[in-house]
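So the structure is just underneath, and the comments pick up after that.
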Amino acid sequence: MSGLRLTNVSVILGEARVVDGVSLRVGEGEWLGLIGPNGAGKTTLLRAIAGAASIETGEVSYGARDLSQLGARQRARLMAVVPQHPVVPWGMAVADYVLLGRTAHMGWLSRETGEDLDIAREAVRDLGLEKLSDRRLDELSGGELQRAVLARALTQAAPLLILDEPTSSLDVGHGQQMMEMVDRLRREQGLTVISALHDLTLAAQFCDRLVMMAGGKAILEGPPRAVITERSLRDHYGASVRVLTGPDFGVVVIPLRSDNGSGEQPASLDVETL
């Protein structure tokens, strides 16, 4: 099968089994979202895919290739990773940082080629960073830095993009813009995307399919409307919510107080009045 495949993957950290026998598939060009409460194993699973966490049992493959057999440079040509808390060289200019994404395609002692520079410039342009290209990374806002990290990942020209909470430090507007950019680039470049997301409404709006994790296991899988339900969020998040669905807006999750401040139970919501 083409695309990404995980077969019975388990990861142990210390004495805890943080990922427990997860199997899933992500087809080429698909966007799969990982959701679940804190400590569910989402980030560790992404780290296992990226080779940053050791797999105790199971296998991760892309196409016909077993990723455990690949070196770091080979893996970097295959997948680009945008971590939740990226470590960046603060004194470096944005343009130079984005160009670092070409390292996996260069020889040990070689310099960047004209093609490398063109690819980096294209990523800067795609992410709207032209006016910031000479700025230092430590001079950027949180949203600007997120875009720079994504541009560096895209410069790797890898078919698989791994995102760990790409909107966690962004406000609602910049979070939406980030997801829109990823979706546009996925469609234009045929990228396969797997991401961990806390914002359930954004996950439902943009991901083709969702996997809900809890206790290190993949417990639910399917289209957003099948995975994000009031019952699943109550059972696995301990959350009191209303889940609204409609042809114009997809799935929207609304948190509810257990009472409205007066001791009364919350009234049912009518989507027609919103």
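Identifiers in the structure tokens: chain A, B, ... in order shown; residue index from 1 per chain; ligand index from 1 in order shown.
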
With 7 Å as the cut-off and only C-alpha atoms counted, what is the closest atom pair between each nearby residue of range 28-130 of chain A and range 185-195 of chain A? Distances in Å to one decimal, ordered by chain and number, as JSON lines.
```
{"residue": "A:Glu28", "atom": "CA", "partner": "A:Thr192", "partner_atom": "CA", "distance": 5.3}
{"residue": "A:Gly29", "atom": "CA", "partner": "A:Thr192", "partner_atom": "CA", "distance": 4.3}
{"residue": "A:Glu30", "atom": "CA", "partner": "A:Thr192", "partner_atom": "CA", "distance": 5.2}
{"residue": "A:Trp31", "atom": "CA", "partner": "A:Val193", "partner_atom": "CA", "distance": 4.6}
{"residue": "A:Leu32", "atom": "CA", "partner": "A:Ile194", "partner_atom": "CA", "distance": 4.8}
{"residue": "A:Gly33", "atom": "CA", "partner": "A:Ser195", "partner_atom": "CA", "distance": 5.0}
{"residue": "A:Leu34", "atom": "CA", "partner": "A:Ser195", "partner_atom": "CA", "distance": 5.9}
```

Can you list, as a PDB file with N, CA, C and O atoms, in the first residue's frame, all residues belonging to range 58-141 of chain A that DSSP tags as strand (DSSP E)?
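Heads up, here's the output in selection-v7.pdb:
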```
ATOM      1  N   GLY A  58       6.300  -3.433  16.858  1.00  0.00           N
ATOM      2  CA  GLY A  58       5.557  -2.937  15.708  1.00  0.00           C
ATOM      3  C   GLY A  58       6.456  -2.380  14.626  1.00  0.00           C
ATOM      4  O   GLY A  58       7.700  -2.452  14.694  1.00  0.00           O
ATOM      5  N   GLU A  59       5.823  -1.820  13.610  1.00  0.00           N
ATOM      6  CA  GLU A  59       6.548  -1.347  12.434  1.00  0.00           C
ATOM      7  C   GLU A  59       5.881  -0.102  11.875  1.00  0.00           C
ATOM      8  O   GLU A  59       4.663   0.024  11.870  1.00  0.00           O
ATOM      9  N   VAL A  60       6.712   0.843  11.400  1.00  0.00           N
ATOM     10  CA  VAL A  60       6.245   2.029  10.686  1.00  0.00           C
ATOM     11  C   VAL A  60       6.851   1.985   9.287  1.00  0.00           C
ATOM     12  O   VAL A  60       8.074   1.868   9.133  1.00  0.00           O
ATOM     13  N   SER A  61       6.003   2.072   8.286  1.00  0.00           N
ATOM     14  CA  SER A  61       6.499   2.016   6.909  1.00  0.00           C
ATOM     15  C   SER A  61       5.849   3.109   6.076  1.00  0.00           C
ATOM     16  O   SER A  61       4.760   3.602   6.395  1.00  0.00           O
ATOM     17  N   TYR A  62       6.542   3.497   5.025  1.00  0.00           N
ATOM     18  CA  TYR A  62       5.988   4.440   4.056  1.00  0.00           C
ATOM     19  C   TYR A  62       6.190   3.817   2.688  1.00  0.00           C
ATOM     20  O   TYR A  62       7.321   3.581   2.260  1.00  0.00           O
ATOM     21  N   ARG A  65       8.846   0.935   2.232  1.00  0.00           N
ATOM     22  CA  ARG A  65      10.047   1.128   3.032  1.00  0.00           C
ATOM     23  C   ARG A  65       9.745   1.062   4.525  1.00  0.00           C
ATOM     24  O   ARG A  65       8.861   1.760   5.026  1.00  0.00           O
ATOM     25  N   ASP A  66      10.498   0.239   5.227  1.00  0.00           N
ATOM     26  CA  ASP A  66      10.454   0.185   6.677  1.00  0.00           C
ATOM     27  C   ASP A  66      11.293   1.356   7.195  1.00  0.00           C
ATOM     28  O   ASP A  66      12.501   1.412   6.975  1.00  0.00           O
ATOM     29  N   MET A  79      10.165  12.676   5.142  1.00  0.00           N
ATOM     30  CA  MET A  79       9.192  13.342   6.017  1.00  0.00           C
ATOM     31  C   MET A  79       9.765  14.619   6.597  1.00  0.00           C
ATOM     32  O   MET A  79      10.957  14.721   6.870  1.00  0.00           O
ATOM     33  N   ALA A  80       8.908  15.611   6.730  1.00  0.00           N
ATOM     34  CA  ALA A  80       9.258  16.877   7.366  1.00  0.00           C
ATOM     35  C   ALA A  80       8.412  17.016   8.619  1.00  0.00           C
ATOM     36  O   ALA A  80       7.218  16.708   8.604  1.00  0.00           O
ATOM     37  N   VAL A  81       9.029  17.471   9.707  1.00  0.00           N
ATOM     38  CA  VAL A  81       8.377  17.506  11.007  1.00  0.00           C
ATOM     39  C   VAL A  81       8.304  18.946  11.515  1.00  0.00           C
ATOM     40  O   VAL A  81       9.313  19.663  11.515  1.00  0.00           O
ATOM     41  N   VAL A  82       7.123  19.349  11.945  1.00  0.00           N
ATOM     42  CA  VAL A  82       6.933  20.638  12.615  1.00  0.00           C
ATOM     43  C   VAL A  82       6.546  20.326  14.058  1.00  0.00           C
ATOM     44  O   VAL A  82       5.392  19.994  14.338  1.00  0.00           O
TER      45      VAL A  82
END
```

Could you find all residues in range 55-244 of chain A that DSSP calls helix (DSSP H, G or I) from the backbone, and write them as a PyMOL selection string? chain A and resi 67-69+72-78+94-105+114-126+130-132+137-139+142-155+172-189+200-206+224-227+230-237

The distance between CA of Leu150 in chain A and CA of Gly63 in chain A is 23.9 Å

Closest of A:Leu244, A:Leu6, A:Val11, A:Leu46 to Arg25 in chain A - atom-to-atom distances counting only C-alpha atoms: A:Leu6

Produce a table with one row for each residue of range 86-172 of chain A that has an atom at most 9 Å from any atom of range 196-211 of chain A, each row naming the nearest atom pair and its distance in Å at one decimal; use only C-alpha atoms; arrange rows by chain and rising residue number; format as JSON lines.
```
{"residue": "A:Ile162", "atom": "CA", "partner": "A:Ala196", "partner_atom": "CA", "distance": 8.6}
{"residue": "A:Leu163", "atom": "CA", "partner": "A:Ala196", "partner_atom": "CA", "distance": 6.5}
{"residue": "A:Asp164", "atom": "CA", "partner": "A:Ala196", "partner_atom": "CA", "distance": 5.0}
{"residue": "A:Glu165", "atom": "CA", "partner": "A:Leu197", "partner_atom": "CA", "distance": 5.0}
{"residue": "A:Pro166", "atom": "CA", "partner": "A:Leu197", "partner_atom": "CA", "distance": 7.5}
{"residue": "A:Thr167", "atom": "CA", "partner": "A:Leu197", "partner_atom": "CA", "distance": 7.9}
{"residue": "A:Ser168", "atom": "CA", "partner": "A:His198", "partner_atom": "CA", "distance": 7.7}
```

Residue with the minimum atom-to-atom distance to Val94 in chain A, picked from A:Asp183, A:Asp20, A:Glu130, A:Glu221 with only C-alpha atoms counted, is A:Glu130

Can you pull out every residue within 7 Å of Gly27 in chain A, counting only C-alpha atoms, but drop anything in the same chain fewer than 3 positions away, and send it as a PyMOL selection string? chain A and resi 2-4+30

May I have the selected residues written with N, CA, C and O atoms, as an mmCIF file, in the first residue's frame?
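That gives us again.cif:
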```
data_model
loop_
_atom_site.group_PDB
_atom_site.id
_atom_site.type_symbol
_atom_site.label_atom_id
_atom_site.label_comp_id
_atom_site.auth_asym_id
_atom_site.auth_seq_id
_atom_site.Cartn_x
_atom_site.Cartn_y
_atom_site.Cartn_z
ATOM 1 N N SER A 2 0.470 2.291 -0.773
ATOM 2 C CA SER A 2 1.174 3.561 -0.750
ATOM 3 C C SER A 2 0.767 4.343 0.482
ATOM 4 O O SER A 2 -0.256 4.087 1.096
ATOM 5 N N GLY A 3 1.582 5.348 0.844
ATOM 6 C CA GLY A 3 1.290 6.143 2.021
ATOM 7 C C GLY A 3 1.928 5.571 3.270
ATOM 8 O O GLY A 3 2.784 4.690 3.224
ATOM 9 N N LEU A 4 1.504 6.103 4.416
ATOM 10 C CA LEU A 4 2.070 5.746 5.712
ATOM 11 C C LEU A 4 1.268 4.620 6.347
ATOM 12 O O LEU A 4 0.033 4.629 6.298
ATOM 13 N N GLU A 30 -3.708 12.308 1.856
ATOM 14 C CA GLU A 30 -4.734 12.399 2.898
ATOM 15 C C GLU A 30 -4.219 13.218 4.073
ATOM 16 O O GLU A 30 -3.022 13.290 4.325
#
```

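For the pair CA of Pro37 in chain A and CA of Ala158 in chain A, the separation is 29.4 Å.
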
Could you name the residues that touch Ala95 in chain A at 9 Å or less, counting only C-alpha atoms, but leaving out those on the same chain fewer than 5 positions away, as a ChimeraX atom specification? /A:100,120-121,124,129-130,132-135,148

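If you measure from each of A:His174, A:Arg242, A:Arg184, A:Arg257 to Leu145 in chain A using only C-alpha atoms, the closest one turns out to be A:His174.
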
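Minimum distance to Arg73 in chain A across A:His85, A:Lys42, A:Arg102, A:Arg5 (counting only C-alpha atoms) occurs at A:Arg102.
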
Can you pull out the residues contacting Val241 in chain A? Cut-off 9 Å, using only C-alpha atoms, and skip same-chain residues under 3 positions away; I want them as a PyMOL selection string. chain A and resi 229-230+233-234+253-257

Between A:Gln156, A:Gln74, A:Gln146, A:Ser169, single out the one closest to Leu117 in chain A, counting only C-alpha atoms. A:Gln156

Nearest candidate to Gly51 in chain A (options A:Val252, A:Ile35, A:Leu70, A:Leu24; using only C-alpha atoms): A:Leu70

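For the pair CA of Gly143 in chain A and CA of Gln177 in chain A, the interatomic distance is 9.6 Å.
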
I'd like the contact shell of Ile119 in chain A - 8 Å cut-off, only C-alpha atoms, skipping same-chain residues fewer than 4 positions apart - returned as a VMD selection string. chain A and resid 115 123 155
